[in-house]
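Visitor: Got a structure for you, written out below as structure tokens; questions coming shortly.
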Amino acid sequence: MLRYVARRLLLTLPVFVGILFISFLLTHLSGDPTDLILTPDTPDHVREEFRRRHGLDQPFLVQFYQFCIRALQGDFGNSLRFNQPALELVFERLGATAELALAAMFLAIAVGIPAGVVAAYRRNTPIDLGVRAVSLFGLAVPSFYLGVVLIFVFAVWLRWFPSGGRGTWMHLVLPAVVLAVDQLALIARTTRSCMLDVLNQDYVRTARSKGLGEGWVVWGHALRNAFIPVLTVIGLQFGILLGGVVVTETVFSWPGVGRLAVQAIYARDFPVVQATVFLFAVIFVIVNLIVDLLYAVLDPRIGYK
Amino acid sequence: MADAAPGLSPSDRMPPRRSQSSLVLRRLLVKPGAIFSLLILAVFVACALFPELIAPQDPFAQSLGRRLRPPAFMERGLEGYWLGTDQLGRDVLSRIIHGARITLWVALLAVAVSGILGIFAGLAAGFFGGRTDAVVLRLIDMQLAFPVVLLVIAIVAVVGPSVTNLIILMGLSAWPRFARIVRGAVLSVRTLEFVDAARSVGASQLRIVAAHILPNIMSAIIVYASFELARMILLEATLSFLGLGIQPPTPTWGGMINDGRSYLSISWSVSLFPGIAIAFVILAFNLLGDELRDALDPQLNHD
């Protein structure tokens, strides 16, 4: 088990190097970094001095190496806007993003899985058609658009919820719903199709024939076995959830990492952008590792050698 | 040899060659879902090709005298401005119709970029296997292991949101999924008899791939391209919404939603209608992909 975890962690190394390389490239794609920080009328010798001080006169690969070393120590430099360590800024906002993402994930799982199970169990009934239609639409409606519509209906028109910001649970409802819809649709679809496969299996018939109640058969035996592909989808979706955070936080002015990233991108505050990208990558890799380990708990046939 | 086997009606005979596309089309045109999506896409493509002919107004004509009007069927609506006007008095319907062009154009080219890259990588990985396969798989995993949207946003912000940059970046962001589908399809046909047959009569590697493998995985590619078009339209709209997509004054659906966002309390229609257009086009491509997959599957029972 421990060896498996170690191997999995080792395999994520190239992913990290790749992500670090792209975020390192960001500052270089934008042209001369000195133009970004210094005013246009800076004399040349000051520019040279600036380059030397920040290692910008070094060969490209050396600069990348130094960037990696510093990144691994959590040092992305100071934010150009706030003059505060970039990673510190990102960590300050992490709580808000975690709150939003967890609320959305909870909502998606708590609604999506039962919806998928019921749709599969009552196949081709109006309930099933309803779940399928709603999930098709859920995947088709862009989340930023759903956000705008919900703001109009529930904030501007009905005045039930605030249109943005963070504070009470009321503030959390609309953004969490928007962030959850994509996941919910996908989880419901996957659960439905996996349950359909499982419900015809022999062991389900066995469970029924030994007199178990329908509820126990469906939710205990069938769902447990249909759950592994669903878990994979949830894990893979986490990356999309992190991407969705960027959009949702922008729409609802939610003070989290995603909004910080967008604002940093507009302001060309590259240390903050790099810190965000790096942190998202770390979170994503950890979540996927947890999902992989959960397989073993759910399916004893999966061994780790 | 073309005679019917005993007990088979004439329609059960082997279909003549070259009928596959018409067969698929016939299977599609009896499905309500497919007809619905094809109708939506026909309107969409017509708008993209001939916006000047379809749009009732000039999409750029501003007038402060008629700004933020509701749709024509409502009180205060203006005749000829069916879906109302935006904050600069421009006709919303005409802007949606003109926006179809850039939406379709960017999505098509982005899918072409990712498709070409993905098909090459997937073919190489699936056909040659071994080390090539390992390298391609690693690259795919690496890129899929990250919320690419964030990177696309960051890079677009740096290199500037020109149409070319957008197409290249969106294409680059999507190639791994394509490559994975193609690789899987190649693996499933690589060991079939006709490939061995081609090899045994001395066909070159290139010929085997181009003339024997590629045509046989084409249906998988077409199905996937349909889903991918939906994805690219969503990505382009998201970027435009964030102000990082196609820049004004070119009308884009995502950009229009963002414009209307500031005026929600005065006028709901500016944001509402472009979003409906996006949702329907995405829905149509997704539905079409589902139906195409069924229609192209020879193992399914088509009544």
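Identifiers for the structure tokens are assigned positionally: chains receive A, B, ... in sequence, residues are indexed from 1 per chain, and ligands are indexed from 1 in the order shown.
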Within 12 Å of B:Ala237, counting only C-alpha atoms, which residues show up once you throw out same-chain ones fewer than 2 positions away? Write them as an NGL selection string, please.

Guide: (:A and (141-145 or 247)) or (:B and (99-100 or 102-104 or 106-107 or 166 or 170 or 230-235 or 239-247 or 251-258 or 274-275 or 277-279 or 281-282))

Visitor: Which residues, written as a PyMOL selection string, have at least one atom at most 10 Å from A:Val262, with only C-alpha atoms counted and residues fewer than 5 positions away on the same chain left out?

Guide: (chain A and resi 246-247+249-250+257+267-269+272-273) or (chain B and resi 150+153-154+157+242)

Visitor: Could you save those same residues with C-alpha atoms as a compact mmCIF listing (two decimals), in the first residue's frame?

Guide:
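File written: again-v7.txt
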# COMPACT_ATOMS: atom_id res chain seq x y z
CA VAL A 246 -12.76 30.80 -11.58
CA VAL A 247 -15.91 31.66 -13.51
CA GLU A 249 -16.40 33.42 -8.27
CA THR A 250 -16.14 36.12 -10.92
CA VAL A 257 -8.76 32.10 -5.23
CA ALA A 267 -3.51 43.24 -13.69
CA ARG A 268 -0.65 41.12 -15.09
CA ASP A 269 0.29 40.27 -11.53
CA VAL A 272 -0.06 35.63 -8.00
CA VAL A 273 -1.08 33.86 -11.22
CA LEU B 150 -7.22 28.33 -16.06
CA ILE B 153 -7.16 32.09 -19.55
CA ALA B 154 -3.72 32.97 -18.22
CA ALA B 157 -4.22 37.20 -21.11
CA LEU B 242 -14.44 37.02 -18.98

Visitor: Near stretch 120-124 of chain B, within 7 Å and counting only C-alpha atoms, which residues show up once chain neighbours fewer than 2 positions away are dropped, as a PyMOL selection string?

Guide: chain B and resi 116-118+126-128+132+136+179-180+182-183+186

Visitor: Taking only C-alpha atoms into account, name the residue in A:Ala275, A:Lys210, A:Leu293, A:Leu199 that is nearest to A:Gln73.

Guide: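 Distance minimum relative to A:Gln73 lands on A:Ala275.
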
Visitor: In Å, how far is it from atom CA of A:Leu174 to atom CA of A:Gly147?

Guide: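 Interatomic distance, atom CA of A:Leu174 to atom CA of A:Gly147: 7.5 Å.
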
Visitor: Counting only C-alpha atoms, collect the residues of chain A whose closest atom lies at most 7 Å from chain B, and write them out as a ChimeraX atom specification.

Guide: /A:15,26,29-30,137,140-142,145,148,152,156,239-240,242-243,265,281

Visitor: Go through A:Phe76, A:Phe284, A:Phe91, A:Phe50 one by one, measure the shortest atom-to-atom distance of each to A:Phe238 using only C-alpha atoms, and give the residue with the smallest value.

Guide: A:Phe284

Visitor: Could you please write out, as an NGL selection string, every residue of stretch 208-302 of chain B that DSSP assigns to helix (DSSP H, G or I)?

Guide: :B and (208-241 or 253-261 or 269-296)

Visitor: Those residues with C-alpha atoms, as a tab-separated table (two decimals), in the first residue's frame please?

Guide:
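The resulting file, again-v2.tsv, is reproduced below:
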chain	number	residue	atom	x	y	z
B	208	ILE	CA	-1.76	0.66	-43.67
B	209	VAL	CA	-2.44	3.63	-41.41
B	210	ALA	CA	-3.86	5.93	-44.07
B	211	ALA	CA	-5.83	3.48	-46.17
B	212	HIS	CA	-6.86	0.79	-43.72
B	213	ILE	CA	-6.84	2.04	-40.15
B	214	LEU	CA	-7.93	5.66	-40.54
B	215	PRO	CA	-11.13	4.92	-42.50
B	216	ASN	CA	-12.12	2.38	-39.89
B	217	ILE	CA	-11.79	4.74	-36.94
B	218	MET	CA	-13.41	7.65	-38.79
B	219	SER	CA	-16.80	7.14	-37.16
B	220	ALA	CA	-15.29	7.35	-33.67
B	221	ILE	CA	-13.57	10.59	-34.71
B	222	ILE	CA	-16.75	12.11	-36.15
B	223	VAL	CA	-18.77	11.32	-33.02
B	224	TYR	CA	-16.12	12.75	-30.79
B	225	ALA	CA	-15.73	15.88	-32.93
B	226	SER	CA	-19.41	16.62	-32.38
B	227	PHE	CA	-18.99	16.60	-28.59
B	228	GLU	CA	-15.78	18.56	-28.91
B	229	LEU	CA	-17.50	21.30	-30.94
B	230	ALA	CA	-19.94	21.76	-28.07
B	231	ARG	CA	-17.03	22.00	-25.64
B	232	MET	CA	-15.16	24.55	-27.72
B	233	ILE	CA	-18.26	26.73	-28.10
B	234	LEU	CA	-18.61	26.70	-24.32
B	235	LEU	CA	-14.94	27.56	-23.84
B	236	GLU	CA	-15.05	30.40	-26.35
B	237	ALA	CA	-18.19	31.79	-24.71
B	238	THR	CA	-16.57	31.56	-21.28
B	239	LEU	CA	-13.46	33.39	-22.46
B	240	SER	CA	-15.56	36.08	-24.15
B	241	PHE	CA	-17.61	36.42	-20.98
B	253	TRP	CA	-22.54	35.54	-27.34
B	254	GLY	CA	-20.41	35.35	-24.20
B	255	GLY	CA	-19.50	39.01	-24.50
B	256	MET	CA	-23.16	40.00	-24.88
B	257	ILE	CA	-24.06	38.16	-21.66
B	258	ASN	CA	-21.29	40.00	-19.88
B	259	ASP	CA	-22.46	43.35	-21.30
B	260	GLY	CA	-26.00	42.72	-20.08
B	261	ARG	CA	-24.83	41.70	-16.61
B	269	SER	CA	-33.27	40.70	-22.08
B	270	VAL	CA	-29.72	41.73	-23.06
B	271	SER	CA	-28.16	38.78	-21.18
B	272	LEU	CA	-31.02	36.34	-21.50
B	273	PHE	CA	-31.25	35.72	-25.23
B	274	PRO	CA	-27.60	35.14	-26.16
B	275	GLY	CA	-27.44	32.53	-23.37
B	276	ILE	CA	-30.38	30.69	-24.86
B	277	ALA	CA	-28.56	30.64	-28.20
B	278	ILE	CA	-25.43	29.17	-26.58
B	279	ALA	CA	-27.40	26.56	-24.65
B	280	PHE	CA	-29.33	25.39	-27.69
B	281	VAL	CA	-26.29	25.10	-29.94
B	282	ILE	CA	-24.35	23.17	-27.29
B	283	LEU	CA	-27.35	20.95	-26.62
B	284	ALA	CA	-27.70	20.31	-30.36
B	285	PHE	CA	-24.07	19.24	-30.78
B	286	ASN	CA	-24.26	16.98	-27.71
B	287	LEU	CA	-27.52	15.38	-28.86
B	288	LEU	CA	-26.18	14.94	-32.38
B	289	GLY	CA	-23.09	13.23	-30.96
B	290	ASP	CA	-25.26	10.81	-28.97
B	291	GLU	CA	-27.44	10.00	-31.97
B	292	LEU	CA	-24.48	9.71	-34.35
B	293	ARG	CA	-22.83	7.26	-32.00
B	294	ASP	CA	-25.92	5.06	-32.09
B	295	ALA	CA	-26.41	5.44	-35.84
B	296	LEU	CA	-22.79	4.60	-36.63

Visitor: Near stretch 108-120 of chain A, within 7 Å and counting only C-alpha atoms, which residues show up once chain neighbours fewer than 6 positions away are dropped, as a PyMOL selection string?

Guide: chain A and resi 127-128+131+180-181+183-185+187-189+191-192+195-196

Visitor: Residues as selected, N, CA and C atoms, written as a PDB file, in the first residue's frame, can you do that?

Guide:
ATOM      1  N   ILE A 127     -40.049   9.937 -14.560  1.00  0.00           N
ATOM      2  CA  ILE A 127     -38.954  10.341 -13.672  1.00  0.00           C
ATOM      3  C   ILE A 127     -37.621  10.216 -14.386  1.00  0.00           C
ATOM      4  N   ASP A 128     -37.426   9.074 -15.054  1.00  0.00           N
ATOM      5  CA  ASP A 128     -36.184   8.827 -15.778  1.00  0.00           C
ATOM      6  C   ASP A 128     -35.986   9.871 -16.876  1.00  0.00           C
ATOM      7  N   VAL A 131     -35.015  13.208 -15.351  1.00  0.00           N
ATOM      8  CA  VAL A 131     -33.620  13.284 -14.909  1.00  0.00           C
ATOM      9  C   VAL A 131     -32.697  13.426 -16.112  1.00  0.00           C
ATOM     10  N   ALA A 180     -22.451  23.626  -8.844  1.00  0.00           N
ATOM     11  CA  ALA A 180     -22.812  22.210  -8.709  1.00  0.00           C
ATOM     12  C   ALA A 180     -23.473  21.652  -9.961  1.00  0.00           C
ATOM     13  N   VAL A 181     -24.093  22.516 -10.775  1.00  0.00           N
ATOM     14  CA  VAL A 181     -24.963  21.989 -11.835  1.00  0.00           C
ATOM     15  C   VAL A 181     -24.245  21.052 -12.807  1.00  0.00           C
ATOM     16  N   GLN A 183     -21.524  19.273 -12.360  1.00  0.00           N
ATOM     17  CA  GLN A 183     -21.151  18.031 -11.684  1.00  0.00           C
ATOM     18  C   GLN A 183     -22.377  17.167 -11.484  1.00  0.00           C
ATOM     19  N   LEU A 184     -23.450  17.841 -11.043  1.00  0.00           N
ATOM     20  CA  LEU A 184     -24.689  17.126 -10.758  1.00  0.00           C
ATOM     21  C   LEU A 184     -25.164  16.377 -11.996  1.00  0.00           C
ATOM     22  N   ALA A 185     -25.171  17.069 -13.121  1.00  0.00           N
ATOM     23  CA  ALA A 185     -25.642  16.460 -14.359  1.00  0.00           C
ATOM     24  C   ALA A 185     -24.794  15.242 -14.705  1.00  0.00           C
ATOM     25  N   ILE A 187     -22.783  13.460 -12.710  1.00  0.00           N
ATOM     26  CA  ILE A 187     -22.885  12.395 -11.717  1.00  0.00           C
ATOM     27  C   ILE A 187     -24.184  11.620 -11.915  1.00  0.00           C
ATOM     28  N   ALA A 188     -25.279  12.351 -12.170  1.00  0.00           N
ATOM     29  CA  ALA A 188     -26.565  11.678 -12.364  1.00  0.00           C
ATOM     30  C   ALA A 188     -26.514  10.764 -13.588  1.00  0.00           C
ATOM     31  N   ARG A 189     -25.928  11.271 -14.685  1.00  0.00           N
ATOM     32  CA  ARG A 189     -25.843  10.462 -15.909  1.00  0.00           C
ATOM     33  C   ARG A 189     -25.011   9.213 -15.692  1.00  0.00           C
ATOM     34  N   THR A 191     -24.206   7.728 -12.798  1.00  0.00           N
ATOM     35  CA  THR A 191     -24.850   6.811 -11.855  1.00  0.00           C
ATOM     36  C   THR A 191     -25.929   6.015 -12.560  1.00  0.00           C
ATOM     37  N   ARG A 192     -26.719   6.709 -13.378  1.00  0.00           N
ATOM     38  CA  ARG A 192     -27.807   6.027 -14.073  1.00  0.00           C
ATOM     39  C   ARG A 192     -27.282   4.894 -14.939  1.00  0.00           C
ATOM     40  N   MET A 195     -25.798   2.012 -12.879  1.00  0.00           N
ATOM     41  CA  MET A 195     -26.833   1.264 -12.185  1.00  0.00           C
ATOM     42  C   MET A 195     -27.573   0.351 -13.154  1.00  0.00           C
ATOM     43  N   LEU A 196     -27.795   0.837 -14.377  1.00  0.00           N
ATOM     44  CA  LEU A 196     -28.472   0.009 -15.379  1.00  0.00           C
ATOM     45  C   LEU A 196     -27.673  -1.261 -15.651  1.00  0.00           C
TER      46      LEU A 196
END
